[in-house]
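Undergrad: Just one file: target00.cif, with mmCIF, C-alpha atoms.
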```
data_coords
loop_
_atom_site.group_PDB
_atom_site.id
_atom_site.type_symbol
_atom_site.label_atom_id
_atom_site.label_comp_id
_atom_site.auth_asym_id
_atom_site.auth_seq_id
_atom_site.Cartn_x
_atom_site.Cartn_y
_atom_site.Cartn_z
ATOM 1 C CA ALA F 1 -20.342 25.848 -9.240
ATOM 2 C CA GLN F 2 -16.840 26.483 -10.455
ATOM 3 C CA SER F 3 -14.957 25.094 -13.422
ATOM 4 C CA VAL F 4 -11.825 25.710 -15.419
ATOM 5 C CA ALA F 5 -10.978 24.855 -19.003
ATOM 6 C CA GLN F 6 -7.604 24.387 -20.578
ATOM 7 C CA PRO F 7 -8.467 24.153 -24.266
ATOM 8 C CA GLU F 8 -5.110 22.831 -25.458
ATOM 9 C CA ASP F 9 -3.792 19.381 -24.592
ATOM 10 C CA GLN F 10 -0.359 20.351 -25.867
ATOM 11 C CA VAL F 11 1.530 23.501 -26.726
ATOM 12 C CA ASN F 12 4.712 23.425 -28.774
ATOM 13 C CA VAL F 13 7.140 26.331 -28.849
ATOM 14 C CA ALA F 14 10.738 26.859 -29.901
ATOM 15 C CA GLU F 15 13.294 27.790 -27.285
ATOM 16 C CA GLY F 16 13.657 31.539 -27.006
ATOM 17 C CA ASN F 17 10.160 32.246 -28.312
ATOM 18 C CA PRO F 18 7.341 33.563 -26.159
ATOM 19 C CA LEU F 19 4.869 31.015 -24.821
ATOM 20 C CA THR F 20 1.228 31.155 -23.813
ATOM 21 C CA VAL F 21 -0.779 28.449 -22.059
ATOM 22 C CA LYS F 22 -4.489 29.206 -22.026
ATOM 23 C CA CYS F 23 -6.988 28.958 -19.189
ATOM 24 C CA THR F 24 -10.593 30.093 -18.939
ATOM 25 C CA TYR F 25 -12.779 29.801 -15.893
ATOM 26 C CA SER F 26 -16.393 29.864 -14.794
ATOM 27 C CA VAL F 27 -17.454 30.849 -11.282
ATOM 28 C CA SER F 28 -20.268 32.589 -9.504
ATOM 29 C CA GLY F 29 -18.690 35.658 -7.991
ATOM 30 C CA ASN F 30 -15.037 36.604 -7.816
ATOM 31 C CA PRO F 31 -12.393 34.031 -8.728
ATOM 32 C CA TYR F 32 -9.117 33.146 -7.126
ATOM 33 C CA LEU F 33 -6.870 31.716 -9.845
ATOM 34 C CA PHE F 34 -3.755 29.572 -9.664
ATOM 35 C CA TRP F 35 -1.171 28.030 -11.955
ATOM 36 C CA TYR F 36 0.779 24.919 -11.007
ATOM 37 C CA VAL F 37 3.487 23.062 -12.916
ATOM 38 C CA GLN F 38 4.228 19.345 -12.834
ATOM 39 C CA TYR F 39 7.590 18.039 -13.964
ATOM 40 C CA PRO F 40 7.958 14.320 -14.816
ATOM 41 C CA ASN F 41 7.680 12.042 -11.783
ATOM 42 C CA ARG F 42 6.998 14.981 -9.496
ATOM 43 C CA GLY F 43 3.998 16.462 -7.767
ATOM 44 C CA LEU F 44 2.448 19.790 -8.709
ATOM 45 C CA GLN F 45 4.426 22.902 -7.811
ATOM 46 C CA PHE F 46 2.862 26.309 -7.261
ATOM 47 C CA LEU F 47 3.782 28.950 -9.873
ATOM 48 C CA LEU F 48 1.580 31.955 -9.199
ATOM 49 C CA LYS F 49 -1.857 33.093 -8.125
ATOM 50 C CA TYR F 50 -4.311 35.932 -8.581
ATOM 51 C CA ILE F 51 -6.388 36.930 -5.578
ATOM 52 C CA THR F 52 -7.046 40.632 -6.066
ATOM 53 C CA GLY F 53 -5.287 43.777 -7.239
ATOM 54 C CA ASP F 54 -3.051 44.090 -10.286
ATOM 55 C CA ASN F 55 -4.313 41.980 -13.180
ATOM 56 C CA LEU F 56 -0.768 41.014 -14.184
ATOM 57 C CA VAL F 57 0.689 38.518 -11.753
ATOM 58 C CA LYS F 58 4.340 37.563 -11.751
ATOM 59 C CA GLY F 59 5.460 34.198 -10.489
ATOM 60 C CA SER F 60 8.316 31.739 -10.298
ATOM 61 C CA TYR F 61 10.789 30.971 -13.091
ATOM 62 C CA GLY F 62 9.915 34.107 -15.092
ATOM 63 C CA PHE F 63 6.279 33.159 -15.636
ATOM 64 C CA GLU F 64 3.426 35.631 -15.469
ATOM 65 C CA ALA F 65 -0.317 35.485 -15.973
ATOM 66 C CA GLU F 66 -2.916 38.079 -16.808
ATOM 67 C CA PHE F 67 -6.347 38.087 -15.246
ATOM 68 C CA ASN F 68 -8.978 39.218 -17.731
ATOM 69 C CA LYS F 69 -12.384 39.463 -16.107
ATOM 70 C CA SER F 70 -14.321 40.293 -19.271
ATOM 71 C CA GLN F 71 -12.933 37.259 -21.067
ATOM 72 C CA THR F 72 -12.894 35.099 -17.913
ATOM 73 C CA SER F 73 -9.335 34.100 -18.715
ATOM 74 C CA PHE F 74 -6.078 33.665 -16.865
ATOM 75 C CA HIS F 75 -3.485 32.783 -19.497
ATOM 76 C CA LEU F 76 0.042 31.853 -18.461
ATOM 77 C CA LYS F 77 2.873 33.548 -20.324
ATOM 78 C CA LYS F 78 6.620 33.726 -20.516
ATOM 79 C CA PRO F 79 8.585 36.048 -22.821
ATOM 80 C CA SER F 80 11.313 33.559 -23.689
ATOM 81 C CA ALA F 81 10.818 29.807 -23.320
ATOM 82 C CA LEU F 82 13.477 27.411 -22.068
ATOM 83 C CA VAL F 83 13.745 23.704 -22.817
ATOM 84 C CA SER F 84 13.584 23.160 -19.064
ATOM 85 C CA ASP F 85 10.085 24.720 -19.036
ATOM 86 C CA SER F 86 8.774 21.567 -20.711
ATOM 87 C CA ALA F 87 6.242 20.164 -18.255
ATOM 88 C CA LEU F 88 2.526 19.771 -17.543
ATOM 89 C CA TYR F 89 0.759 22.969 -16.498
ATOM 90 C CA PHE F 90 -2.452 23.089 -14.486
ATOM 91 C CA CYS F 91 -4.796 26.002 -13.998
ATOM 92 C CA ALA F 92 -7.064 26.032 -10.919
ATOM 93 C CA VAL F 93 -9.906 28.222 -9.693
ATOM 94 C CA ILE F 94 -11.596 28.871 -6.384
ATOM 95 C CA ALA F 95 -14.864 30.805 -6.147
ATOM 96 C CA GLU F 96 -14.920 33.454 -3.457
ATOM 97 C CA GLY F 97 -17.595 32.559 -0.945
ATOM 98 C CA GLY F 98 -17.682 28.934 -2.002
ATOM 99 C CA SER F 99 -16.055 25.919 -0.378
ATOM 100 C CA TYR F 100 -12.570 27.347 -1.048
ATOM 101 C CA ILE F 101 -11.439 23.990 -2.418
ATOM 102 C CA PRO F 102 -9.770 24.458 -5.820
ATOM 103 C CA THR F 103 -11.043 22.972 -9.067
ATOM 104 C CA PHE F 104 -8.258 22.014 -11.468
ATOM 105 C CA GLY F 105 -8.184 21.839 -15.236
ATOM 106 C CA ARG F 106 -7.000 18.748 -17.085
ATOM 107 C CA GLY F 107 -3.557 20.161 -17.740
ATOM 108 C CA THR F 108 -1.638 21.357 -20.784
ATOM 109 C CA SER F 109 1.591 19.717 -21.836
ATOM 110 C CA LEU F 110 4.167 22.332 -22.814
ATOM 111 C CA ILE F 111 6.965 21.142 -25.069
ATOM 112 C CA VAL F 112 9.827 23.524 -25.739
ATOM 113 C CA HIS F 113 12.006 22.479 -28.661
ATOM 114 C CA PRO F 114 15.726 23.326 -28.731
ATOM 115 C CA GLU G 1 11.320 19.618 -2.414
ATOM 116 C CA THR G 2 7.924 20.713 -1.177
ATOM 117 C CA GLY G 3 7.984 19.061 2.225
ATOM 118 C CA VAL G 4 5.318 16.514 1.326
ATOM 119 C CA THR G 5 6.463 12.911 0.928
ATOM 120 C CA GLN G 6 4.543 9.928 -0.374
ATOM 121 C CA THR G 7 5.287 6.223 -0.187
ATOM 122 C CA PRO G 8 5.444 4.019 -2.079
ATOM 123 C CA ARG G 9 6.252 5.853 -5.304
ATOM 124 C CA HIS G 10 5.071 2.930 -7.411
ATOM 125 C CA LEU G 11 2.616 0.155 -6.593
ATOM 126 C CA VAL G 12 1.314 -2.782 -8.577
ATOM 127 C CA MET G 13 -1.551 -4.713 -7.051
ATOM 128 C CA GLY G 14 -4.094 -7.315 -7.979
ATOM 129 C CA MET G 15 -7.808 -6.712 -7.664
ATOM 130 C CA THR G 16 -8.019 -8.837 -4.523
ATOM 131 C CA ASN G 17 -5.113 -7.210 -2.692
ATOM 132 C CA LYS G 18 -5.197 -4.741 0.169
ATOM 133 C CA LYS G 19 -2.593 -2.014 0.245
ATOM 134 C CA SER G 20 -2.108 1.433 1.754
ATOM 135 C CA LEU G 21 -0.645 4.668 0.466
ATOM 136 C CA LYS G 22 1.090 6.959 2.924
ATOM 137 C CA CYS G 23 1.543 10.714 2.892
ATOM 138 C CA GLU G 24 3.497 12.819 5.336
ATOM 139 C CA GLN G 25 3.862 16.578 5.418
ATOM 140 C CA HIS G 26 6.629 18.426 7.268
ATOM 141 C CA LEU G 27 5.183 21.923 6.811
ATOM 142 C CA GLY G 28 3.064 22.289 9.920
ATOM 143 C CA HIS G 29 -0.126 22.409 7.853
ATOM 144 C CA ASN G 30 -3.582 21.533 9.097
ATOM 145 C CA ALA G 31 -5.301 20.441 5.900
ATOM 146 C CA MET G 32 -4.478 17.420 3.751
ATOM 147 C CA TYR G 33 -5.967 16.221 0.493
ATOM 148 C CA TRP G 34 -6.028 13.163 -1.758
ATOM 149 C CA TYR G 35 -6.289 13.672 -5.511
ATOM 150 C CA LYS G 36 -6.499 11.207 -8.384
ATOM 151 C CA GLN G 37 -4.657 12.147 -11.568
ATOM 152 C CA SER G 38 -5.540 10.317 -14.774
ATOM 153 C CA ALA G 39 -4.156 11.162 -18.186
ATOM 154 C CA LYS G 40 -5.958 13.989 -20.000
ATOM 155 C CA LYS G 41 -8.538 14.399 -17.237
ATOM 156 C CA PRO G 42 -8.851 17.139 -14.646
ATOM 157 C CA LEU G 43 -7.289 16.481 -11.302
ATOM 158 C CA GLU G 44 -9.998 14.788 -9.236
ATOM 159 C CA LEU G 45 -10.361 15.730 -5.596
ATOM 160 C CA MET G 46 -11.075 12.617 -3.523
ATOM 161 C CA PHE G 47 -10.904 13.548 0.160
ATOM 162 C CA VAL G 48 -10.179 16.561 2.340
ATOM 163 C CA TYR G 49 -9.099 16.503 5.960
ATOM 164 C CA ASN G 50 -9.119 19.751 7.895
ATOM 165 C CA PHE G 51 -7.670 19.626 11.411
ATOM 166 C CA LYS G 52 -7.880 15.802 11.261
ATOM 167 C CA GLU G 53 -11.580 15.814 10.433
ATOM 168 C CA GLN G 54 -12.771 14.503 7.083
ATOM 169 C CA THR G 55 -14.700 17.302 5.476
ATOM 170 C CA GLU G 56 -15.008 16.176 1.859
ATOM 171 C CA ASN G 57 -15.718 12.835 0.270
ATOM 172 C CA ASN G 58 -16.145 13.544 -3.387
ATOM 173 C CA SER G 59 -18.362 10.549 -4.174
ATOM 174 C CA VAL G 60 -15.406 8.214 -3.904
ATOM 175 C CA PRO G 61 -16.145 4.458 -3.994
ATOM 176 C CA SER G 62 -15.857 2.672 -0.664
ATOM 177 C CA ARG G 63 -12.941 0.592 -1.925
ATOM 178 C CA PHE G 64 -10.905 3.724 -1.116
ATOM 179 C CA SER G 65 -10.732 4.413 2.610
ATOM 180 C CA PRO G 66 -8.811 7.405 3.987
ATOM 181 C CA GLU G 67 -7.317 7.759 7.430
ATOM 182 C CA CYS G 68 -5.809 10.815 9.089
ATOM 183 C CA PRO G 69 -4.351 9.936 12.507
ATOM 184 C CA ASN G 70 -2.812 13.401 12.944
ATOM 185 C CA SER G 71 -2.283 16.595 10.987
ATOM 186 C CA SER G 72 1.016 15.371 9.562
ATOM 187 C CA HIS G 73 -0.022 11.975 8.236
ATOM 188 C CA LEU G 74 -2.602 10.828 5.741
ATOM 189 C CA PHE G 75 -3.266 7.318 4.492
ATOM 190 C CA LEU G 76 -5.329 5.905 1.670
ATOM 191 C CA HIS G 77 -6.309 2.291 2.236
ATOM 192 C CA LEU G 78 -7.071 0.343 -0.920
ATOM 193 C CA HIS G 79 -9.003 -2.908 -1.270
ATOM 194 C CA THR G 80 -10.627 -4.800 -4.136
ATOM 195 C CA LEU G 81 -9.661 -2.142 -6.637
ATOM 196 C CA GLN G 82 -10.556 -2.189 -10.316
ATOM 197 C CA PRO G 83 -8.212 -1.716 -13.294
ATOM 198 C CA GLU G 84 -9.798 1.687 -13.959
ATOM 199 C CA ASP G 85 -8.449 2.820 -10.575
ATOM 200 C CA SER G 86 -4.950 2.785 -12.047
ATOM 201 C CA ALA G 87 -3.692 6.358 -11.846
ATOM 202 C CA LEU G 88 -1.308 8.694 -10.078
ATOM 203 C CA TYR G 89 -2.512 9.433 -6.560
ATOM 204 C CA LEU G 90 -1.380 12.776 -5.244
ATOM 205 C CA CYS G 91 -1.359 14.002 -1.691
ATOM 206 C CA ALA G 92 -1.370 17.711 -0.919
ATOM 207 C CA SER G 93 -1.404 19.913 2.149
ATOM 208 C CA SER G 94 -2.199 23.538 2.939
ATOM 209 C CA GLN G 95 -2.230 25.682 6.040
ATOM 210 C CA ALA G 96 -5.963 25.047 6.422
ATOM 211 C CA ALA G 97 -8.967 24.359 4.240
ATOM 212 C CA TYR G 98 -12.113 26.480 3.822
ATOM 213 C CA THR G 99 -10.260 29.707 4.433
ATOM 214 C CA GLN G 100 -10.195 32.699 2.135
ATOM 215 C CA GLY G 101 -8.862 30.665 -0.762
ATOM 216 C CA ARG G 102 -5.586 32.507 -0.664
ATOM 217 C CA GLU G 103 -3.508 29.540 0.338
ATOM 218 C CA THR G 104 -1.248 27.521 -1.821
ATOM 219 C CA GLN G 105 -1.432 23.761 -1.844
ATOM 220 C CA TYR G 106 1.809 21.811 -1.599
ATOM 221 C CA PHE G 107 1.888 18.478 -3.394
ATOM 222 C CA GLY G 108 3.802 15.289 -2.892
ATOM 223 C CA PRO G 109 5.383 13.417 -5.822
ATOM 224 C CA GLY G 110 2.536 10.943 -6.023
ATOM 225 C CA THR G 111 2.129 7.181 -6.014
ATOM 226 C CA ARG G 112 1.807 5.592 -9.446
ATOM 227 C CA LEU G 113 -0.738 2.788 -8.973
ATOM 228 C CA LEU G 114 -1.339 -0.031 -11.420
ATOM 229 C CA VAL G 115 -4.190 -2.440 -10.757
ATOM 230 C CA LEU G 116 -3.999 -5.708 -12.657
#
```
Could you express the structure from this file as structure tokens?

TA:
Amino acid sequence: AQSVAQPEDQVNVAEGNPLTVKCTYSVSGNPYLFWYVQYPNRGLQFLLKYITGDNLVKGSYGFEAEFNKSQTSFHLKKPSALVSDSALYFCAVIAEGGSYIPTFGRGTSLIVHP
Amino acid sequence: ETGVTQTPRHLVMGMTNKKSLKCEQHLGHNAMYWYKQSAKKPLELMFVYNFKEQTENNSVPSRFSPECPNSSHLFLHLHTLQPEDSALYLCASSQAAYTQGRETQYFGPGTRLLVL
């Protein structure tokens, strides 16, 4: 079985400050981890993924995420938030050797204040 | 744009109506997916088609009926829906399903469905 948890429904941050959106996962075996972003009235857009290799993954729009196996986490980060980053963020996990169909979290709403 | 289109973008229907949602992908992918998105709930996988064959039906009620006539088109036929079926229905595609999990899914903008 595979699951992912996004413990925060909403994250508020001031423009220019660093942001973190949290994600923890549970899988049997090695995980493949993804972050997607959803802007209003749009579908989900791929941001970044971790498959193997370097634990720090860099993605689109200046976002990055760090894979932490001991803490089973894959938190999304950005050094300096923009108002335009305000959106809904989804974490997803796939278990290696499983069905290879992703399981998504319930999403975290990021609000960046000017 | 991601190359996945969905029509209509908004749909209001009564519980006795029959309607269909359409998805088209222009990416040359072989796998297509239907998801249901409800507020504050995880994205729910409904159906998976891989090379036009339905490979997943995630315990979806029979009032939802998918159809995949070719790798580029996916439909979701709706009949006698319930108010709790109101949600955003997302279509997605990927190069193929059941591969090494390395592939990205590409999503359409969704159809916002309201059942009265």

Undergrad: What would the selection look like, as a VMD selection string, if the PyMOL selection byres ((chain F) within 12 of (chain G)) were run on the coordinates I just shared?

TA: chain F and resid 3 to 10 30 to 52 88 to 109

Undergrad: Please, what distance in Å, to one decimal, runs between atom CA of Leu76 of chain G and atom CA of Gly28 of chain G?

TA: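 Those two atoms sit 20.2 Å apart.
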
Undergrad: How big is the axis-aligned box around all listed atoms of segment 59-62 of chain G once 8 Å goes on each side, and where's its centre, in Å to one decimal, as lines of an AutoDock Vina configuration file?

TA:
```
center_x = -16.9
center_y = 6.6
center_z = -2.4
size_x = 19.0
size_y = 23.9
size_z = 19.5
```

Undergrad: Please, what distance in Å, to one decimal, runs between atom CA of Glu64 of chain F and atom CA of His29 of chain G?

TA: 27.0 Å

Undergrad: Report the distance between atom CA of Gln95 of chain G and atom CA of Asn68 of chain F in Å, rounded to one decimal place.

TA: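 One can read the atom CA of Gln95 of chain G to atom CA of Asn68 of chain F distance as 28.2 Å.
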
Undergrad: With all atoms listed in the file as the basis for distance, which of G:Ser94, G:Thr55, G:Ser86, G:Asn50 is at the shortest distance from Gly3 of chain G?

TA: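 So, comparing all the options, the nearest one is G:Ser94.
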
Undergrad: Show which residues sit within 7 Å of segment 12-17 of chain G, as a PyMOL selection string. Count only C-alpha atoms, and ignore same-chain residues fewer than 2 positions away.

TA: chain G and resi 10+19+79-82+113-116

Undergrad: At a cut-off of 7 Å, using all atoms listed in the file, what residues contact segment 78-81 of chain F? Leave out same-chain residues fewer than 4 positions from it and give the result as a list in words.

TA: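 Residues near the query, excluding close chain neighbours: Glu15, Gly16, Asn17, Pro18, Leu19, Thr20, Gly62, Phe63, Glu64, Asp85 and Val112 of chain F.
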
Undergrad: Print the selection's residues with C-alpha atoms to a file, as a PDB file, in the frame of the given file.

TA:
```pdb
ATOM      1  CA  GLU F  15      13.294  27.790 -27.285  1.00  0.00           C
ATOM      2  CA  GLY F  16      13.657  31.539 -27.006  1.00  0.00           C
ATOM      3  CA  ASN F  17      10.160  32.246 -28.312  1.00  0.00           C
ATOM      4  CA  PRO F  18       7.341  33.563 -26.159  1.00  0.00           C
ATOM      5  CA  LEU F  19       4.869  31.015 -24.821  1.00  0.00           C
ATOM      6  CA  THR F  20       1.228  31.155 -23.813  1.00  0.00           C
ATOM      7  CA  GLY F  62       9.915  34.107 -15.092  1.00  0.00           C
ATOM      8  CA  PHE F  63       6.279  33.159 -15.636  1.00  0.00           C
ATOM      9  CA  GLU F  64       3.426  35.631 -15.469  1.00  0.00           C
ATOM     10  CA  ASP F  85      10.085  24.720 -19.036  1.00  0.00           C
ATOM     11  CA  VAL F 112       9.827  23.524 -25.739  1.00  0.00           C
TER      12      VAL F 112
END
```

Undergrad: Mind telling me what the PyMOL selection byres ((chain F and resi 54-57) around 6) catches here, as a ChimeraX atom specification?

TA: /F:53,58,64-67

Undergrad: Taking the file as shown, what set of residues would the PyMOL selection byres ((chain G and resi 49) around 10) give back, as a ChimeraX atom specification?

TA: /G:30-34,47-48,50-57,66-68,70-71,74,93,96-97
